[in-house]
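> Sharing protein11.cif, mmCIF, C-alpha atoms and all ligand atoms:
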```
data_start
#
loop_
_atom_site.label_atom_id
_atom_site.label_comp_id
_atom_site.auth_asym_id
_atom_site.auth_seq_id
_atom_site.Cartn_x
_atom_site.Cartn_y
_atom_site.Cartn_z
CA MET A 457 -22.89 0.39 8.39
CA ASN A 458 -21.40 3.55 9.81
CA PRO A 459 -21.77 6.67 7.74
CA SER A 460 -18.49 7.48 6.05
CA ALA A 461 -16.24 10.27 7.16
CA THR A 462 -17.23 13.85 7.79
CA ILE A 463 -19.11 15.50 4.98
CA PRO A 464 -18.17 19.16 4.69
CA ARG A 465 -20.63 21.93 4.09
CA ILE A 466 -19.42 24.08 1.27
CA THR A 467 -21.27 27.28 0.59
CA ILE A 468 -21.67 29.39 -2.52
CA ARG A 469 -20.85 33.01 -1.92
CA PRO A 470 -21.75 35.91 -4.23
CA GLY A 471 -18.90 37.32 -6.22
CA VAL A 472 -17.12 33.98 -6.67
CA ASP A 473 -16.88 32.66 -10.20
CA LEU A 474 -18.93 29.53 -10.59
CA CYS A 475 -17.27 27.80 -13.46
CA GLN A 476 -13.98 26.51 -14.76
CA SER A 477 -13.11 27.47 -18.31
CA ASP A 478 -16.00 26.64 -20.59
CA LEU A 479 -15.91 23.50 -22.69
CA PRO A 480 -16.21 24.00 -26.46
CA LEU A 481 -19.72 23.47 -27.76
CA ASP A 482 -18.78 20.46 -29.86
CA TRP A 483 -17.66 18.67 -26.65
CA TYR A 484 -21.28 18.27 -25.61
CA GLN A 485 -23.26 15.24 -26.69
CA ASP A 486 -26.18 16.11 -28.99
CA GLU A 487 -28.85 15.92 -26.28
CA LEU A 488 -26.99 18.37 -24.02
CA ARG A 489 -25.91 20.90 -26.63
CA PRO A 490 -29.03 23.12 -26.28
CA TYR A 491 -28.27 23.55 -22.57
CA ALA A 492 -24.64 24.35 -23.34
CA GLU A 493 -25.70 26.97 -25.90
CA GLU A 494 -27.86 28.70 -23.30
CA TYR A 495 -25.10 28.50 -20.71
CA LEU A 496 -22.41 29.85 -23.00
CA ALA A 497 -24.70 32.79 -23.84
CA LEU A 498 -24.92 33.85 -20.17
CA PRO A 499 -23.06 37.14 -19.60
CA ASP A 500 -20.81 35.82 -16.80
CA ARG A 501 -20.20 32.90 -14.41
CA THR A 502 -21.17 34.53 -11.11
CA PRO A 503 -23.70 32.82 -8.81
CA GLU A 504 -26.13 35.71 -9.42
CA THR A 505 -26.22 34.85 -13.13
CA VAL A 506 -25.75 31.09 -13.17
CA MET A 507 -28.00 30.06 -10.30
CA PRO A 508 -31.32 31.36 -11.70
CA TRP A 509 -30.53 29.64 -15.02
CA LEU A 510 -29.60 26.38 -13.31
CA ASP A 511 -32.56 26.57 -10.91
CA GLY A 512 -34.90 26.67 -13.90
CA TYR A 513 -33.88 23.11 -14.80
CA VAL A 514 -32.73 21.57 -11.53
CA ARG A 515 -35.49 22.67 -9.16
CA PRO A 516 -38.40 21.18 -11.17
CA ALA A 517 -36.54 17.85 -11.43
CA ILE A 518 -35.80 17.79 -7.70
CA GLU A 519 -39.39 18.65 -6.83
CA ALA A 520 -40.78 16.02 -9.20
CA PHE A 521 -38.53 13.19 -8.03
CA GLY A 522 -38.24 14.09 -4.34
CA PRO A 523 -36.26 11.54 -2.32
CA SER A 524 -36.35 9.08 -5.20
CA MET A 525 -33.50 11.03 -6.83
CA LEU A 526 -30.07 11.59 -5.28
CA LEU A 527 -27.35 13.90 -6.55
CA ALA A 528 -23.74 13.06 -5.77
CA ALA A 529 -20.36 14.61 -6.52
CA HIS A 530 -16.74 13.98 -5.62
CA PHE A 531 -14.62 16.46 -3.66
CA TYR A 532 -12.39 16.96 -6.70
CA MET A 533 -15.11 18.39 -8.89
CA GLY A 534 -14.14 21.71 -10.38
CA GLY A 535 -16.38 24.50 -11.53
CA GLU A 536 -17.88 24.69 -8.08
CA ILE A 537 -20.06 21.71 -8.97
CA VAL A 538 -19.62 20.41 -5.44
CA LYS A 539 -21.18 23.62 -4.20
CA LEU A 540 -24.03 23.33 -6.65
CA VAL A 541 -24.75 19.70 -5.85
CA GLU A 542 -24.69 20.49 -2.16
CA ARG A 543 -26.98 23.49 -2.65
CA TYR A 544 -29.54 21.13 -4.19
CA GLY A 545 -29.35 18.78 -1.22
CA GLY A 546 -26.89 16.37 -2.84
CA HIS A 547 -24.12 14.33 -1.33
CA ILE A 548 -20.43 15.22 -1.54
CA GLY A 549 -17.82 12.65 -0.63
CA ASP A 550 -14.70 10.73 -1.42
CA SER A 551 -14.74 7.55 -3.50
CA TYR A 552 -15.53 5.31 -0.51
CA ALA A 553 -18.50 7.42 0.54
CA LEU A 554 -19.75 7.59 -3.05
CA ALA A 555 -19.38 3.85 -3.70
CA THR A 556 -21.57 2.97 -0.73
CA ILE A 557 -24.15 5.66 -1.36
CA ALA A 558 -26.65 3.40 -3.14
CA SER A 559 -26.88 0.92 -0.28
CA ARG A 560 -27.12 3.75 2.26
CA THR A 561 -29.99 5.46 0.43
CA PRO A 562 -32.35 2.71 -0.73
CA ASP A 563 -35.12 5.26 -1.41
CA ALA A 564 -33.07 6.74 -4.23
CA GLN A 565 -34.18 5.14 -7.47
CA ILE A 566 -32.16 7.52 -9.61
CA ILE A 567 -28.62 8.49 -8.64
CA VAL A 568 -27.05 11.27 -10.69
CA GLN A 569 -23.34 11.49 -10.22
CA SER A 570 -20.94 14.30 -11.14
CA ALA A 571 -17.44 12.82 -11.03
CA VAL A 572 -15.35 10.44 -13.10
CA HIS A 573 -16.75 7.31 -14.68
CA PHE A 574 -15.23 4.68 -12.40
CA MET A 575 -16.95 6.33 -9.45
CA ALA A 576 -20.34 6.19 -11.13
CA GLU A 577 -19.67 2.58 -12.09
CA ALA A 578 -18.74 1.74 -8.48
CA ILE A 579 -22.13 3.08 -7.38
CA ALA A 580 -23.79 0.99 -10.11
CA LEU A 581 -21.92 -2.11 -8.91
CA LEU A 582 -23.43 -1.87 -5.44
CA ALA A 583 -26.82 -0.55 -6.57
CA GLN A 584 -29.97 -2.55 -6.03
CA PRO A 585 -32.11 -3.60 -9.01
CA HIS A 586 -34.51 -0.66 -8.56
CA GLN A 587 -31.67 1.91 -8.65
CA ARG A 588 -30.36 3.48 -11.86
CA VAL A 589 -27.14 5.44 -12.04
CA TYR A 590 -26.44 8.35 -14.40
CA ILE A 591 -23.23 10.31 -14.91
CA THR A 592 -23.58 13.92 -15.98
CA ASN A 593 -20.72 13.66 -18.50
CA PRO A 594 -19.68 10.20 -19.76
CA LYS A 595 -16.44 11.68 -21.16
CA ALA A 596 -15.19 12.33 -17.63
CA GLY A 597 -12.62 9.56 -17.21
CA CYS A 598 -9.77 9.11 -14.75
CA THR A 599 -6.39 9.06 -16.45
CA MET A 600 -4.98 6.68 -13.86
CA GLU A 601 -7.81 4.24 -14.51
CA MET A 602 -7.18 4.57 -18.25
CA MET A 603 -3.59 3.37 -17.68
CA ALA A 604 -4.90 0.05 -16.39
CA ARG A 605 -7.77 -0.91 -18.63
CA GLU A 606 -8.67 -4.57 -18.98
CA ASP A 607 -6.94 -4.94 -22.36
CA ALA A 608 -3.68 -3.58 -20.93
CA VAL A 609 -3.77 -5.62 -17.73
CA GLU A 610 -5.06 -8.94 -19.01
CA SER A 611 -1.92 -10.47 -20.47
CA ILE A 612 0.27 -9.72 -17.44
CA VAL A 613 -2.36 -10.94 -15.03
CA ASP A 614 -2.59 -14.17 -17.03
CA GLN A 615 1.20 -14.51 -16.94
CA LEU A 616 1.33 -13.93 -13.18
CA LEU A 617 -1.61 -16.24 -12.46
CA ASP A 618 0.00 -18.96 -14.57
CA ARG A 619 3.17 -18.57 -12.56
CA TYR A 620 1.79 -18.14 -9.04
CA GLY A 621 -1.73 -19.58 -9.22
CA ASP A 622 -3.65 -19.29 -5.95
CA GLU A 623 -0.64 -17.66 -4.34
CA LEU A 624 -1.47 -14.38 -6.13
CA MET A 625 -4.22 -12.09 -4.87
CA ILE A 626 -5.25 -8.94 -6.72
CA ILE A 627 -6.18 -5.75 -4.89
CA ALA A 628 -7.83 -3.12 -7.06
CA TYR A 629 -7.79 0.54 -6.05
CA MET A 630 -11.19 2.15 -6.42
CA ASN A 631 -9.75 4.01 -9.43
CA THR A 632 -10.27 1.02 -11.70
CA SER A 633 -13.07 -0.11 -13.95
CA GLY A 634 -15.61 -2.70 -12.83
CA ARG A 635 -13.81 -5.20 -15.03
CA ILE A 636 -10.60 -4.84 -12.99
CA LYS A 637 -12.54 -4.93 -9.72
CA ALA A 638 -14.08 -8.20 -10.88
CA LEU A 639 -10.60 -9.52 -11.62
CA ALA A 640 -9.66 -8.78 -8.01
CA GLY A 641 -12.81 -10.50 -6.80
CA ARG A 642 -12.01 -13.62 -8.83
CA THR A 643 -8.69 -14.00 -7.01
CA GLY A 644 -10.33 -13.65 -3.59
CA GLY A 645 -9.05 -10.08 -3.43
CA ALA A 646 -10.68 -6.77 -2.59
CA THR A 647 -10.96 -3.18 -3.67
CA CYS A 648 -9.60 -0.30 -1.61
CA THR A 649 -9.61 3.47 -1.43
CA SER A 650 -6.87 5.79 -0.25
CA SER A 651 -8.54 5.91 3.17
CA ASN A 652 -8.44 2.15 3.73
CA ALA A 653 -5.60 0.90 1.47
CA HIS A 654 -3.45 0.15 4.54
CA LEU A 655 -6.22 -1.97 6.08
CA VAL A 656 -6.94 -3.85 2.86
CA LEU A 657 -3.31 -4.49 1.88
CA ASP A 658 -2.51 -5.65 5.39
CA TRP A 659 -5.51 -8.00 5.23
CA ALA A 660 -4.35 -9.30 1.84
CA ARG A 661 -0.72 -9.94 2.80
CA HIS A 662 -1.88 -12.26 5.57
CA ARG A 663 -3.92 -14.30 3.09
CA ALA A 664 -1.68 -14.60 0.06
CA PRO A 665 2.11 -14.72 -0.35
CA ARG A 666 1.93 -12.30 -3.28
CA VAL A 667 -0.36 -9.32 -3.86
CA LEU A 668 -0.74 -7.51 -7.19
CA PHE A 669 -1.90 -3.94 -6.56
CA ILE A 670 -3.56 -2.14 -9.50
CA PRO A 671 -3.08 0.62 -10.68
CA ASP A 672 -1.33 3.31 -8.57
CA LYS A 673 2.35 2.60 -7.92
CA HIS A 674 2.71 5.59 -5.59
CA LEU A 675 -0.23 4.66 -3.38
CA GLY A 676 1.15 1.12 -3.39
CA GLU A 677 4.60 2.25 -2.25
CA ASN A 678 3.24 4.62 0.38
CA THR A 679 0.90 1.99 1.76
CA ALA A 680 3.65 -0.65 1.78
CA ALA A 681 5.82 1.68 3.86
CA ARG A 682 2.90 2.29 6.23
CA ILE A 683 2.30 -1.41 6.88
CA GLY A 684 5.95 -2.42 6.96
CA ILE A 685 6.61 -4.11 3.61
CA ALA A 686 10.31 -3.67 2.86
CA PRO A 687 11.19 -1.93 -0.43
CA GLU A 688 13.21 -4.98 -1.56
CA ARG A 689 10.01 -7.07 -1.36
CA ILE A 690 8.26 -4.79 -3.89
CA ALA A 691 8.40 -5.28 -7.66
CA THR A 692 7.07 -2.48 -9.82
CA LEU A 693 5.82 -3.31 -13.29
CA PRO A 694 6.70 -1.00 -16.21
CA THR A 695 4.69 2.20 -16.59
CA PRO A 696 2.23 1.92 -19.48
CA ALA A 697 3.35 3.92 -22.50
CA GLY A 698 -0.08 5.51 -22.83
CA TYR A 699 -3.74 5.18 -22.04
CA GLY A 700 -4.84 1.65 -22.82
CA ALA A 701 -1.31 0.67 -23.86
CA PRO A 702 -0.47 -2.93 -22.95
CA VAL A 703 2.50 -3.56 -20.65
CA GLU A 704 4.97 -6.27 -21.52
CA LEU A 705 6.58 -8.38 -18.82
CA ASP A 706 9.67 -9.89 -20.39
CA ASP A 707 10.97 -11.59 -17.28
CA PRO A 708 8.37 -12.52 -14.65
CA THR A 709 11.05 -14.04 -12.43
CA HIS A 710 11.80 -10.57 -11.08
CA CYS A 711 8.47 -10.88 -9.20
CA ASP A 712 9.47 -14.15 -7.52
CA ASN A 713 10.91 -12.44 -4.45
CA ALA A 714 8.15 -9.86 -4.26
CA GLU A 715 5.49 -9.76 -1.60
CA LEU A 716 3.89 -6.82 -3.39
CA ILE A 717 3.75 -6.33 -7.17
CA LEU A 718 2.73 -2.84 -8.24
CA TRP A 719 1.09 -1.91 -11.52
CA GLY A 720 3.05 1.04 -12.91
CA ALA A 721 0.33 3.69 -13.30
CA TYR A 722 0.03 7.03 -11.51
CA CYS A 723 -2.12 10.13 -11.27
CA GLY A 724 -0.73 13.10 -13.22
CA VAL A 725 -2.44 15.51 -10.82
CA HIS A 726 -0.54 14.14 -7.82
CA THR A 727 2.84 13.59 -9.44
CA VAL A 728 3.54 17.29 -10.01
CA PHE A 729 4.63 17.54 -6.38
CA GLU A 730 8.30 17.34 -5.43
CA PRO A 731 10.14 17.27 -2.09
CA ALA A 732 11.34 20.82 -2.85
CA HIS A 733 7.72 22.02 -2.64
CA VAL A 734 7.49 20.51 0.84
CA HIS A 735 10.78 22.08 1.96
CA ALA A 736 9.72 25.49 0.63
CA TRP A 737 6.54 25.47 2.74
CA HIS A 738 8.35 24.11 5.75
CA ASP A 739 10.74 27.08 5.48
CA LEU A 740 7.68 29.34 5.65
CA GLY A 741 6.37 27.58 8.76
CA HIS A 742 3.51 25.63 7.17
CA THR A 743 2.45 22.11 8.05
CA VAL A 744 2.43 19.99 4.90
CA LEU A 745 -0.22 17.31 4.38
CA VAL A 746 -0.37 15.27 1.19
CA HIS A 747 -2.47 12.62 -0.50
CA PRO A 748 -0.86 9.15 -0.72
CA GLU A 749 -1.11 9.23 -4.54
CA CYS A 750 1.90 11.59 -4.34
CA PRO A 751 5.35 10.09 -4.97
CA ARG A 752 6.98 8.35 -2.01
CA ALA A 753 9.74 10.99 -1.71
CA VAL A 754 7.09 13.70 -1.21
CA VAL A 755 5.13 11.73 1.38
CA GLU A 756 8.35 10.96 3.25
CA CYS A 757 9.18 14.60 3.91
CA ALA A 758 5.57 15.78 4.48
CA ASP A 759 4.10 16.06 7.97
CA GLY A 760 1.26 13.71 7.22
CA GLN A 761 -0.69 11.88 4.52
CA GLY A 762 -4.37 11.13 4.13
CA SER A 763 -7.38 10.64 1.88
CA THR A 764 -9.44 13.67 0.93
CA ASN A 765 -11.79 13.22 3.87
CA GLN A 766 -8.83 12.85 6.22
CA LEU A 767 -7.08 15.92 4.79
CA TRP A 768 -10.29 17.93 5.11
CA ASP A 769 -10.85 16.88 8.71
CA SER A 770 -7.22 17.46 9.73
CA VAL A 771 -7.35 21.03 8.50
CA MET A 772 -10.84 21.91 9.71
CA GLN A 773 -10.15 20.54 13.18
CA ALA A 774 -6.86 22.45 13.56
CA PRO A 775 -6.63 25.41 15.92
CA ARG A 776 -7.28 28.93 14.63
CA GLY A 777 -4.09 30.45 13.20
CA SER A 778 -2.79 27.13 11.82
CA ARG A 779 -1.11 27.24 8.42
CA PHE A 780 -1.13 24.35 5.97
CA ALA A 781 0.16 23.49 2.50
CA ILE A 782 -1.92 20.68 1.00
CA GLY A 783 -0.67 18.38 -1.74
CA THR A 784 -3.67 17.12 -3.65
CA GLU A 785 -6.10 18.08 -6.38
CA GLY A 786 -6.43 21.84 -6.93
CA HIS A 787 -10.21 22.28 -6.82
CA PHE A 788 -10.40 20.42 -3.53
CA VAL A 789 -7.64 22.61 -2.07
CA ARG A 790 -9.43 25.75 -3.28
CA ASN A 791 -12.67 24.70 -1.58
CA LEU A 792 -10.77 23.75 1.56
CA LYS A 793 -8.92 27.07 1.51
CA GLU A 794 -12.21 28.99 1.39
CA GLN A 795 -13.82 27.03 4.21
CA ALA A 796 -10.70 26.99 6.40
CA ALA A 797 -10.33 30.77 6.03
CA LEU A 798 -13.76 31.14 7.69
CA ARG A 799 -12.20 29.45 10.75
CA GLY A 800 -9.03 31.54 10.69
CA ILE A 801 -6.90 28.73 9.21
CA GLU A 802 -4.61 29.36 6.25
CA VAL A 803 -4.43 26.81 3.45
CA GLU A 804 -2.19 26.90 0.39
CA HIS A 805 -1.79 24.51 -2.51
CA LEU A 806 1.50 22.63 -2.16
CA ALA A 807 2.71 23.50 -5.67
CA ALA A 808 1.87 27.20 -5.28
CA VAL A 809 5.14 28.08 -3.58
CA PRO A 810 5.75 31.85 -3.54
CA ASN A 811 9.06 31.59 -5.42
CA PRO A 812 8.67 28.56 -7.65
CA GLY A 813 12.07 28.91 -9.31
CA LEU A 814 12.68 25.69 -11.16
CA LEU A 815 9.84 23.82 -9.47
CA ARG A 816 7.10 22.34 -11.56
CA VAL A 817 3.76 24.10 -11.28
CA ALA A 818 0.45 22.35 -10.90
CA GLY A 819 -2.49 22.62 -13.24
CA CYS A 820 -5.85 23.70 -11.93
CA GLY A 821 -6.81 20.22 -10.82
CA CYS A 822 -8.32 17.08 -12.24
CA ALA A 823 -9.21 18.24 -15.73
CA THR A 824 -11.22 15.18 -16.71
CA MET A 825 -13.40 15.27 -13.62
CA SER A 826 -14.08 18.95 -14.33
CA ARG A 827 -15.78 17.96 -17.56
CA ASN A 828 -18.93 17.76 -15.45
CA ASP A 829 -20.05 21.37 -15.64
CA PRO A 830 -23.36 23.20 -15.01
CA PRO A 831 -24.83 22.52 -18.50
CA HIS A 832 -24.23 18.80 -18.03
CA LEU A 833 -25.95 18.87 -14.64
CA ALA A 834 -28.87 20.96 -15.91
CA GLY A 835 -29.29 18.91 -19.07
CA VAL A 836 -29.20 15.45 -17.52
CA LEU A 837 -31.64 16.44 -14.75
CA ASP A 838 -34.00 18.14 -17.17
CA LEU A 839 -33.99 15.17 -19.55
CA LEU A 840 -34.58 12.78 -16.65
CA HIS A 841 -37.49 14.95 -15.61
CA ARG A 842 -38.90 14.84 -19.14
CA GLY A 843 -38.57 11.07 -19.19
CA THR A 844 -35.94 11.04 -21.96
CA PRO A 845 -32.58 10.50 -20.22
CA PRO A 846 -29.78 9.84 -22.73
CA GLU A 847 -28.56 6.25 -22.72
CA LEU A 848 -24.97 7.54 -23.05
CA ASN A 849 -25.27 8.83 -19.48
CA HIS A 850 -26.78 5.64 -18.07
CA VAL A 851 -24.04 3.71 -16.27
CA LEU A 852 -24.11 -0.09 -16.04
CA PRO A 853 -21.40 -2.28 -14.50
CA GLY A 854 -18.83 -3.43 -17.02
CA ASP A 855 -19.37 -0.54 -19.45
CA THR A 856 -16.23 0.82 -21.05
CA VAL A 857 -16.50 4.36 -22.33
CA SER A 858 -14.55 6.30 -24.91
CA GLU A 859 -13.38 9.55 -23.28
CA THR A 860 -13.35 11.13 -26.74
CA THR A 861 -16.85 10.31 -27.92
CA GLY A 862 -18.64 9.27 -24.73
CA VAL A 863 -19.82 6.12 -26.52
CA ARG A 864 -20.09 3.12 -24.22
CA ASP A 865 -19.38 -0.51 -24.95
CA ARG A 866 -21.81 -2.62 -22.94
CA LEU A 867 -21.43 -6.22 -21.85
CA PRO A 868 -24.10 -8.80 -22.67
CA GLU A 869 -26.43 -9.40 -19.71
CA ALA A 870 -24.93 -12.76 -18.67
CA GLU A 871 -21.36 -11.43 -18.66
CA ARG A 872 -22.43 -8.33 -16.78
CA SER A 873 -24.12 -10.39 -14.12
CA GLU A 874 -21.00 -12.50 -13.63
CA LEU A 875 -18.84 -9.38 -13.45
CA VAL A 876 -21.16 -7.85 -10.84
CA THR A 877 -20.88 -10.95 -8.65
CA HIS A 878 -17.06 -10.85 -8.61
CA ALA A 879 -16.71 -7.08 -8.36
CA ARG A 880 -19.28 -6.91 -5.57
CA ASN A 881 -17.41 -9.56 -3.65
CA ALA A 882 -14.25 -7.46 -3.92
CA MET A 883 -16.06 -4.31 -2.81
CA ARG A 884 -17.87 -6.03 0.04
CA ARG A 885 -14.58 -7.41 1.34
CA MET A 886 -13.27 -3.84 1.41
CA ILE A 887 -16.38 -2.61 3.21
CA ASP A 888 -16.20 -5.42 5.76
CA ILE A 889 -12.51 -4.79 6.43
CA THR A 890 -13.10 -1.05 6.77
CA GLU A 891 -16.20 -1.21 8.92
CA ARG A 892 -14.62 -3.81 11.20
CA ALA A 893 -11.63 -1.49 11.71
CA ARG A 894 -13.99 1.38 12.48
CA GLY A 895 -15.78 -0.76 15.03
CA GLY A 896 -18.99 -0.99 13.01
CA ALA A 897 -20.87 -4.06 11.88
CA PRO A 898 -19.72 -5.68 8.62
CA ALA A 899 -21.87 -4.68 5.63
S1 LIG B 1 -7.22 13.30 -9.59
FE1 LIG B 1 -6.03 11.71 -10.66
S2 LIG B 1 -6.67 9.76 -9.75
FE2 LIG B 1 -8.21 11.32 -9.17
S3 LIG B 1 -9.79 11.14 -10.76
FE3 LIG B 1 -8.37 12.76 -11.44
S4 LIG B 1 -6.87 11.65 -12.75
FE4 LIG B 1 -7.97 10.11 -11.55
#
```
Is it possible to express this structure as structure tokens?

Amino acid sequence: MNPSATIPRITIRPGVDLCQSDLPLDWYQDELRPYAEEYLALPDRTPETVMPWLDGYVRPAIEAFGPSMLLAAHFYMGGEIVKLVERYGGHIGDSYALATIASRTPDAQIIVQSAVHFMAEAIALLAQPHQRVYITNPKAGCTMEMMAREDAVESIVDQLLDRYGDELMIIAYMNTSGRIKALAGRTGGATCTSSNAHLVLDWARHRAPRVLFIPDKHLGENTAARIGIAPERIATLPTPAGYGAPVELDDPTHCDNAELILWGAYCGVHTVFEPAHVHAWHDLGHTVLVHPECPRAVVECADGQGSTNQLWDSVMQAPRGSRFAIGTEGHFVRNLKEQAALRGIEVEHLAAVPNPGLLRVAGCGCATMSRNDPPHLAGVLDLLHRGTPPELNHVLPGDTVSETTGVRDRLPEAERSELVTHARNAMRRMIDITERARGGAPA
């Protein structure tokens, strides 16, 4: 298998704050609270203060485990965690790179992941029996994934399968639980990421007359436009009223003419962007690149769209003096801005227009992913080193986790094994499709 896309090198520089706003102490699970107390007592969040404290826990664990332990983080991690993980020799990537990390590093028996839960679960789905996956904070969930939990999706999927039978194939975006990925696998479908959604959906439409895409309606619309599915052949299901809320489908006949049926969820981080943001930066002479989780109207007037790896590469490979406005998660844009500045390239966050007027402003980034902070990293690594890793942080396929308490609901062994078979099939189809398109050997 080819290595995934370019992995950036992100460096920690003195004088830069290391952490997002601190989490309240009662947000830490019992086992990690002592580390949080120490962290909160530090005088500031500069590298000069935080690094020696963190080193005291992380270095001994790294030295003890050597190559049998692998640290991983997603690009969207706030609090400079990506910089910390990279400093300790870890792996930073997008969801495709992270999902395939276990098979690419068979020496790693313990994989510690700092990102949202579905990403850790995706690693666990493809892990070999000798590999165990831990997440630094089990309360780090993806709000888009929460809008398409199994309980919410089940009844509509049953309705659609009753109506269309084998003519319906499910494609699950990586931002879904293992249970939804398994559902896709059962229908002969696949998973996808934002970097390969066009390849996977194009593959699916040639194998089934109807494709149900779960959960991101915006990525679905943007990908449909990219591969030439006409808007009148798309049916969008109602947006869930809340996290875990079931969606009712009163009249399934409105899907009869659809080639693509879209689940109605979205990412709150990417839906703050509006076409007016794009026009404002165009007026200032910036090139606008956006993530395909942005609404269709934003992607249509931007200069380009791409996954995080693609956005990173487009900017870093641009000539000196280039100016960009980037429409995606805020922490990623901040890291990109810092690194691009070292090459004489200007980067701004798409929502940070100089005169916002009536435009909506963006938050700092993906708040749930940022729940993985330095005390979580220090605590989980130290407890692993001591031989007492908390079971709350141990990720198994099929687990569902409460984002409020961190408590996980685990499937019985037989059900888990069945789920793994179907979800792996869906993920392997995605990997095969992607690697074939890249000219590599199928996985
Ligand atoms: S940025 Fe949006 S889609 Fe990505 S993990 Fe956060 S909530 Fe989920």
> Could you make a table, as JSON lines, of the residues of chain A that have an atom within 6 Å of an atom of ligand LIG 1 (chain B), each with its nearest atom pair and distance in Å to one decimal, counting all atoms listed in the file, in chain and number order?

```
{"residue": "A:Cys598", "atom": "CA", "partner": "B:LIG1", "partner_atom": "FE4", "distance": 3.8}
{"residue": "A:Thr599", "atom": "CA", "partner": "B:LIG1", "partner_atom": "S4", "distance": 4.5}
{"residue": "A:Met600", "atom": "CA", "partner": "B:LIG1", "partner_atom": "FE4", "distance": 5.1}
{"residue": "A:Cys723", "atom": "CA", "partner": "B:LIG1", "partner_atom": "FE1", "distance": 4.3}
{"residue": "A:Val725", "atom": "CA", "partner": "B:LIG1", "partner_atom": "FE1", "distance": 5.2}
{"residue": "A:Glu785", "atom": "CA", "partner": "B:LIG1", "partner_atom": "S1", "distance": 5.9}
{"residue": "A:Cys822", "atom": "CA", "partner": "B:LIG1", "partner_atom": "FE3", "distance": 4.4}
```
> If you count all atoms listed in the file, which residues fall within 7 Å of segment 750-764 of chain A, apart from same-chain ones fewer than 5 positions away, as an MDAnalysis selection string?
chainID A and resid 550 650:651 674 677:678 726:727 729:731 734 743:745
> Could you pull the residues within 10 Å of Glu804 of chain A, counting only C-alpha atoms, minus those fewer than 4 positions along the same chain, as a VMD selection string?
chain A and resid 737 742 744 779 to 783 786 789 to 790 792 to 793 808 to 809
> Using only C-alpha atoms, which residue out of A:Tyr513, A:Tyr552, A:Tyr495, A:Tyr544 lies closest to Leu840 of chain A?
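Among the listed residues, A:Tyr513 lies closest to Leu840 of chain A.
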> I want to know what sits within 7 Å of segment 629-640 of chain A, based on all atoms listed in the file, with residues of the same chain fewer than 3 positions away left out; could you give that as an MDAnalysis selection string?
chainID A and resid 574 577:578 601 606 626 643:649 670:671 853:854 875 878:879 882
> May I ask which of the residues A:Trp659, A:Ala870, A:Asn593, A:Gly621 is the closest one to Ser858 of chain A, counting only C-alpha atoms?
A:Asn593
> Could you jot down the atom CA of Ala576 of chain A to atom CA of Asp672 of chain A separation for me, Å, one decimal place?
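Taking atom CA of Ala576 of chain A as the start and atom CA of Asp672 of chain A as the end point, the length is 19.4 Å.
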> So what do you get for atom CA of Pro562 of chain A versus atom CA of Ala583 of chain A, distance-wise?
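Interatomic distance here is 8.7 Å.
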> Counting all atoms listed in the file, figure out which residue out of A:Asp622, A:Asp829, A:Asp478, A:Asp658 gets nearest to Thr592 of chain A.
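Between A:Asp622, A:Asp829, A:Asp478, A:Asp658, the residue approaching Thr592 of chain A most closely is A:Asp829.
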> Take atom CA of Ala732 of chain A and atom CA of Asn811 of chain A and report the distance between them in Å, one decimal.
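It comes out at 11.3 Å.
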> Looking at all atoms listed in the file, which of A:Asp482, A:Asp712, A:Asp607, A:Glu749 is the one that sits closest to Tyr699 of chain A?
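Answer, going by the shortest atom-to-atom distance: A:Asp607.
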> Smallest atom-to-atom distance to Gly843 of chain A: which of A:Ile579, A:Ala520, A:Val589, A:Leu498, using only C-alpha atoms?
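So, comparing all the options, the nearest one is A:Ala520.
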> Excluding same-chain residues fewer than 6 positions from Pro694 of chain A, what lies within 10 Å of it counting all atoms listed in the file, as a list in words?
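Residues near the query, excluding close chain neighbours: Val703, Glu704, Leu705, Leu718, Trp719, Gly720 and Ala721 of chain A.
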> In the coordinates of the file, take the point (-18.7, 10.8, -29.5) and a cut-off of 10 Å; then, counting only C-alpha atoms, name each qualifying protein, DNA or RNA residue as a ChimeraX atom specification.
/A:482-486,594-595,848,857-864
> Nearest residue to Ser570 of chain A out of A:His586, A:His747, A:His832, A:His735, using only C-alpha atoms?
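Distance minimum relative to Ser570 of chain A lands on A:His832.
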> Need to verify the contact set: Asp707 of chain A, 12 Å, only C-alpha atoms, exclusion of same-chain residues closer than 3 positions in sequence. Can you return it as a PDB file with C-alpha atoms, in the coordinates of the input?

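Saved to selection35.pdb:
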```
ATOM      1  CA  ILE A 612       0.270  -9.720 -17.440  1.00  0.00           C
ATOM      2  CA  GLN A 615       1.200 -14.510 -16.940  1.00  0.00           C
ATOM      3  CA  LEU A 616       1.330 -13.930 -13.180  1.00  0.00           C
ATOM      4  CA  ARG A 619       3.170 -18.570 -12.560  1.00  0.00           C
ATOM      5  CA  ALA A 691       8.400  -5.280  -7.660  1.00  0.00           C
ATOM      6  CA  LEU A 693       5.820  -3.310 -13.290  1.00  0.00           C
ATOM      7  CA  PRO A 694       6.700  -1.000 -16.210  1.00  0.00           C
ATOM      8  CA  GLU A 704       4.970  -6.270 -21.520  1.00  0.00           C
ATOM      9  CA  HIS A 710      11.800 -10.570 -11.080  1.00  0.00           C
ATOM     10  CA  CYS A 711       8.470 -10.880  -9.200  1.00  0.00           C
ATOM     11  CA  ASP A 712       9.470 -14.150  -7.520  1.00  0.00           C
TER      12      ASP A 712
END
```
